[in-house]
Amino acid sequence: MTGRFDRLTKSIAPRLSALRLTGAAPRAALARMSPEDRAVGVAVAGVMAGAVGLAIFNPLTGDTASAETPAQAAAAAHRESAATGTSEHTGTERAGTERAARKASRTVAASTVIKLAKSQLGEGESRNGSTKYADWYASTRHAAVTARRDGGTVGDYRGAEWCDMFVSWLSAQTGVKNMGWDAYTVQHASWFEKTGRWGDIAKPGAVVFFDWQNGSSGGIDGIDHVGLVVKDNGNGTITTIEGNTDNAVKEKVRDKSEVVGYGYPDYAKS
């Protein structure tokens with residue numbers, strides 16, 4: 001934020017430093033401040049306290065590592081407003097929101113995620129090159145984390161390659177546990193490997209990672225693309241649903257020789 005707020009913050013800083021003293025000094029410093037300075041001082045202190053509260057109580061990922069769902073976003077918004085003292089929810093509303101957030105990451109069947117993916121077939125890019133998946137990803141708290149990690153900005157996701165944002169969107173909409181989230185395929189695959197959810201068997205609902213140049217002989221660092229396994233066709237190929245395929249969500253038949261590996265979310269046992 002720029003302009004008047006910054007100028008007032010700079011003018012009030014020396015006076016706020018005085019308030020860190022103990023005993024009579026704070027009261028004396030406060031008495032010397034103008035009414036406007038006192039008001040701004042309270043506002044700045046409130047913002048600082050809110051920022052600390054958010055850092056402590058709003059970690060960007062939970063233990064289940066699913067993407068941010070609408071319920072989780074609502075719960076986070078409530079916690080943020082509560083931290084800054086602007087919440088208008090009743091106790092009942094707060095309890096309902098928290099229950100929804102707890103249910104957001106749950107064990108679902110692979111068929112549920114596949115069904116949702118199929119419903120997106122044909123969904124493509126807008127005239128500006130963005131998609132609803134990239135727009136959604138850029139709106140989540142995860143985007144700021146991965147943008148910092150990869151050296152970009154949140155705005156860069158709109159118009160970027162979006163195959164992994166599509167997979168992350170499926171995770172968010174279904175709440176499946178441990179499907180992970182990312183916009184960068186290499187990092188997403190690395191997460192599956194590091195958490196012991198990586199393998200070479202095609203299973204329905206598995207997240208499949210491709211290397212167009214080296215195929216199955218390549219490593220995670222060479223991954224180019226990602227999609228969702230629909231089924232193993234039993235003839236050396238798999239049927240998949242993939243985003244960012246000819247600028248749309250499409251169902252494809254891929255040769256297994258193009259696959260680097262598979263990530264396995266925690267699906268309900270059939």
# chains A, B, ... in the order shown; residues from 1 in each chain; ligands from 1
call {"tool": "closest_atom_pairs", "arguments": {"of": "segment 95-191 of chain A", "to": "segment 211-218 of chain A", "cutoff": "12 Å", "atoms": "only C-alpha atoms", "output": "Markdown table"}}
result
| residue | atom | partner | partner_atom | distance |
| --- | --- | --- | --- | --- |
| A:Thr185 | CA | A:Asp211 | CA | 10.5 |
| A:Val186 | CA | A:Asp211 | CA | 10.4 |
| A:Ala189 | CA | A:Asp211 | CA | 11.9 |
call {"tool": "write_last_selection", "arguments": {"atoms": "all heavy atoms", "output": "mmCIF file, in the first residue's frame"}}
result
data_model
loop_
_atom_site.group_PDB
_atom_site.id
_atom_site.type_symbol
_atom_site.label_atom_id
_atom_site.label_comp_id
_atom_site.auth_asym_id
_atom_site.auth_seq_id
_atom_site.Cartn_x
_atom_site.Cartn_y
_atom_site.Cartn_z
ATOM 1 N N THR A 185 5.321 -29.195 -12.602
ATOM 2 C CA THR A 185 5.249 -30.652 -12.579
ATOM 3 C C THR A 185 6.415 -31.313 -11.859
ATOM 4 O O THR A 185 6.229 -32.310 -11.159
ATOM 5 C CB THR A 185 5.179 -31.190 -14.020
ATOM 6 O OG1 THR A 185 6.280 -30.653 -14.772
ATOM 7 C CG2 THR A 185 3.880 -30.793 -14.696
ATOM 8 N N VAL A 186 7.613 -30.785 -12.032
ATOM 9 C CA VAL A 186 8.793 -31.381 -11.391
ATOM 10 C C VAL A 186 8.662 -31.337 -9.873
ATOM 11 O O VAL A 186 8.929 -32.330 -9.176
ATOM 12 C CB VAL A 186 10.078 -30.671 -11.854
ATOM 13 C CG1 VAL A 186 11.280 -31.125 -11.026
ATOM 14 C CG2 VAL A 186 10.334 -30.952 -13.330
ATOM 15 N N ALA A 189 5.877 -33.847 -8.726
ATOM 16 C CA ALA A 189 6.354 -35.230 -8.736
ATOM 17 C C ALA A 189 7.347 -35.482 -7.606
ATOM 18 O O ALA A 189 7.324 -36.546 -6.964
ATOM 19 C CB ALA A 189 6.994 -35.542 -10.088
#
call {"tool": "atom_distance", "arguments": {"atom1": "atom CA of Ala109 of chain A", "atom2": "atom CA of Gly263 of chain A"}}
result
15.4 Å
call {"tool": "select_by_dssp", "arguments": {"residues": "segment 85-265 of chain A", "states": "alpha helix (DSSP H)", "output": "number ranges by chain"}}
result
A: 91-104, 110-119, 132-139, 141-150, 163-174, 185-194
call {"tool": "residues_around", "arguments": {"residues": "Asp266 of chain A", "least_positions_apart": "5", "cutoff": "8 Å", "atoms": "only C-alpha atoms", "output": "number ranges by chain"}}
result
A: 107, 176-179
call {"tool": "write_last_selection", "arguments": {"atoms": "N, CA and C atoms", "output": "CSV table (one decimal), in the first residue's frame"}}
result
chain,number,residue,atom,x,y,z
A,107,THR,N,-11.3,-38.8,2.5
A,107,THR,CA,-11.1,-39.9,1.6
A,107,THR,C,-12.2,-40.1,0.6
A,176,VAL,N,-9.7,-34.7,-2.1
A,176,VAL,CA,-9.0,-35.9,-1.9
A,176,VAL,C,-7.7,-35.7,-1.2
A,177,LYS,N,-7.4,-36.6,-0.3
A,177,LYS,CA,-6.2,-36.5,0.5
A,177,LYS,C,-5.0,-36.8,-0.3
A,178,ASN,N,-4.0,-36.0,0.0
A,178,ASN,CA,-2.6,-36.3,-0.5
A,178,ASN,C,-2.5,-36.4,-2.1
A,179,MET,N,-3.3,-35.6,-2.7
A,179,MET,CA,-3.1,-35.5,-4.2
A,179,MET,C,-2.1,-34.4,-4.5
call {"tool": "residues_around", "arguments": {"residues": "segment 195-209 of chain A", "least_positions_apart": "3", "cutoff": "8 Å", "atoms": "only C-alpha atoms", "output": "list of chain:residue names"}}
result
A:Ala110, A:Ser111, A:Val113, A:Ile114, A:Val167, A:Met179, A:Thr185, A:Ala189, A:Trp191, A:Phe192, A:Ile223, A:Asp224, A:His225, A:Val226, A:Gly227, A:Leu228, A:Val229, A:Val230, A:Lys231, A:Asp232, A:Ile238, A:Val259, A:Val260, A:Gly261, A:Tyr262, A:Gly263, A:Tyr264, A:Pro265
call {"tool": "write_last_selection", "arguments": {"atoms": "C-alpha atoms", "output": "mmCIF file, in the first residue's frame"}}
result
data_model
loop_
_atom_site.group_PDB
_atom_site.id
_atom_site.type_symbol
_atom_site.label_atom_id
_atom_site.label_comp_id
_atom_site.auth_asym_id
_atom_site.auth_seq_id
_atom_site.Cartn_x
_atom_site.Cartn_y
_atom_site.Cartn_z
ATOM 1 C CA ALA A 110 -10.793 -42.465 -7.463
ATOM 2 C CA SER A 111 -13.944 -42.673 -9.565
ATOM 3 C CA VAL A 113 -12.046 -37.526 -9.254
ATOM 4 C CA ILE A 114 -12.178 -39.218 -12.662
ATOM 5 C CA VAL A 167 -4.703 -31.474 -11.489
ATOM 6 C CA MET A 179 -3.112 -35.454 -4.190
ATOM 7 C CA THR A 185 5.249 -30.652 -12.579
ATOM 8 C CA ALA A 189 6.354 -35.230 -8.736
ATOM 9 C CA TRP A 191 6.616 -34.196 -3.499
ATOM 10 C CA PHE A 192 4.979 -37.530 -4.350
ATOM 11 C CA ILE A 223 9.161 -34.119 -16.543
ATOM 12 C CA ASP A 224 7.232 -32.055 -19.106
ATOM 13 C CA HIS A 225 3.553 -32.785 -18.493
ATOM 14 C CA VAL A 226 1.017 -34.240 -16.080
ATOM 15 C CA GLY A 227 -2.453 -35.752 -16.218
ATOM 16 C CA LEU A 228 -4.844 -38.154 -14.504
ATOM 17 C CA VAL A 229 -5.007 -41.891 -15.220
ATOM 18 C CA VAL A 230 -8.458 -43.149 -16.190
ATOM 19 C CA LYS A 231 -7.425 -46.749 -16.770
ATOM 20 C CA ASP A 232 -4.636 -49.090 -17.788
ATOM 21 C CA ILE A 238 -3.073 -45.860 -20.594
ATOM 22 C CA VAL A 259 5.688 -42.098 -18.439
ATOM 23 C CA VAL A 260 8.297 -41.187 -15.814
ATOM 24 C CA GLY A 261 6.131 -42.287 -12.900
ATOM 25 C CA TYR A 262 2.865 -42.050 -11.040
ATOM 26 C CA GLY A 263 1.770 -40.229 -7.888
ATOM 27 C CA TYR A 264 -0.794 -41.947 -5.698
ATOM 28 C CA PRO A 265 -3.350 -39.924 -3.699
#
call {"tool": "residues_around", "arguments": {"residues": "Trp162 of chain A", "least_positions_apart": "5", "cutoff": "7 Å", "atoms": "only C-alpha atoms", "output": "compact mmCIF listing (two decimals) with N, CA, C and O atoms, in the first residue's frame"}}
result
# COMPACT_ATOMS: atom_id res chain seq x y z
N ALA A 134 -6.19 -21.78 -14.00
CA ALA A 134 -5.12 -20.84 -13.67
C ALA A 134 -5.66 -19.69 -12.83
O ALA A 134 -5.02 -19.23 -11.89
N ALA A 183 1.96 -25.89 -9.47
CA ALA A 183 1.83 -25.45 -10.86
C ALA A 183 3.04 -25.93 -11.67
O ALA A 183 3.07 -25.76 -12.88
N GLY A 243 -5.07 -31.64 -18.77
CA GLY A 243 -5.25 -30.24 -19.11
C GLY A 243 -4.11 -29.76 -19.98
O GLY A 243 -3.08 -30.44 -20.12
N ASN A 244 -4.30 -28.60 -20.61
CA ASN A 244 -3.26 -27.98 -21.44
C ASN A 244 -2.79 -28.92 -22.55
O ASN A 244 -1.60 -29.02 -22.85
call {"tool": "residues_around", "arguments": {"residues": "Val249 of chain A", "least_positions_apart": "6", "cutoff": "7 Å", "atoms": "only C-alpha atoms", "output": "list of chain:residue names"}}
result
A:Gln120, A:Leu121, A:Gly122, A:Glu123, A:Gly124, A:Ile241, A:Glu242, A:Gly243
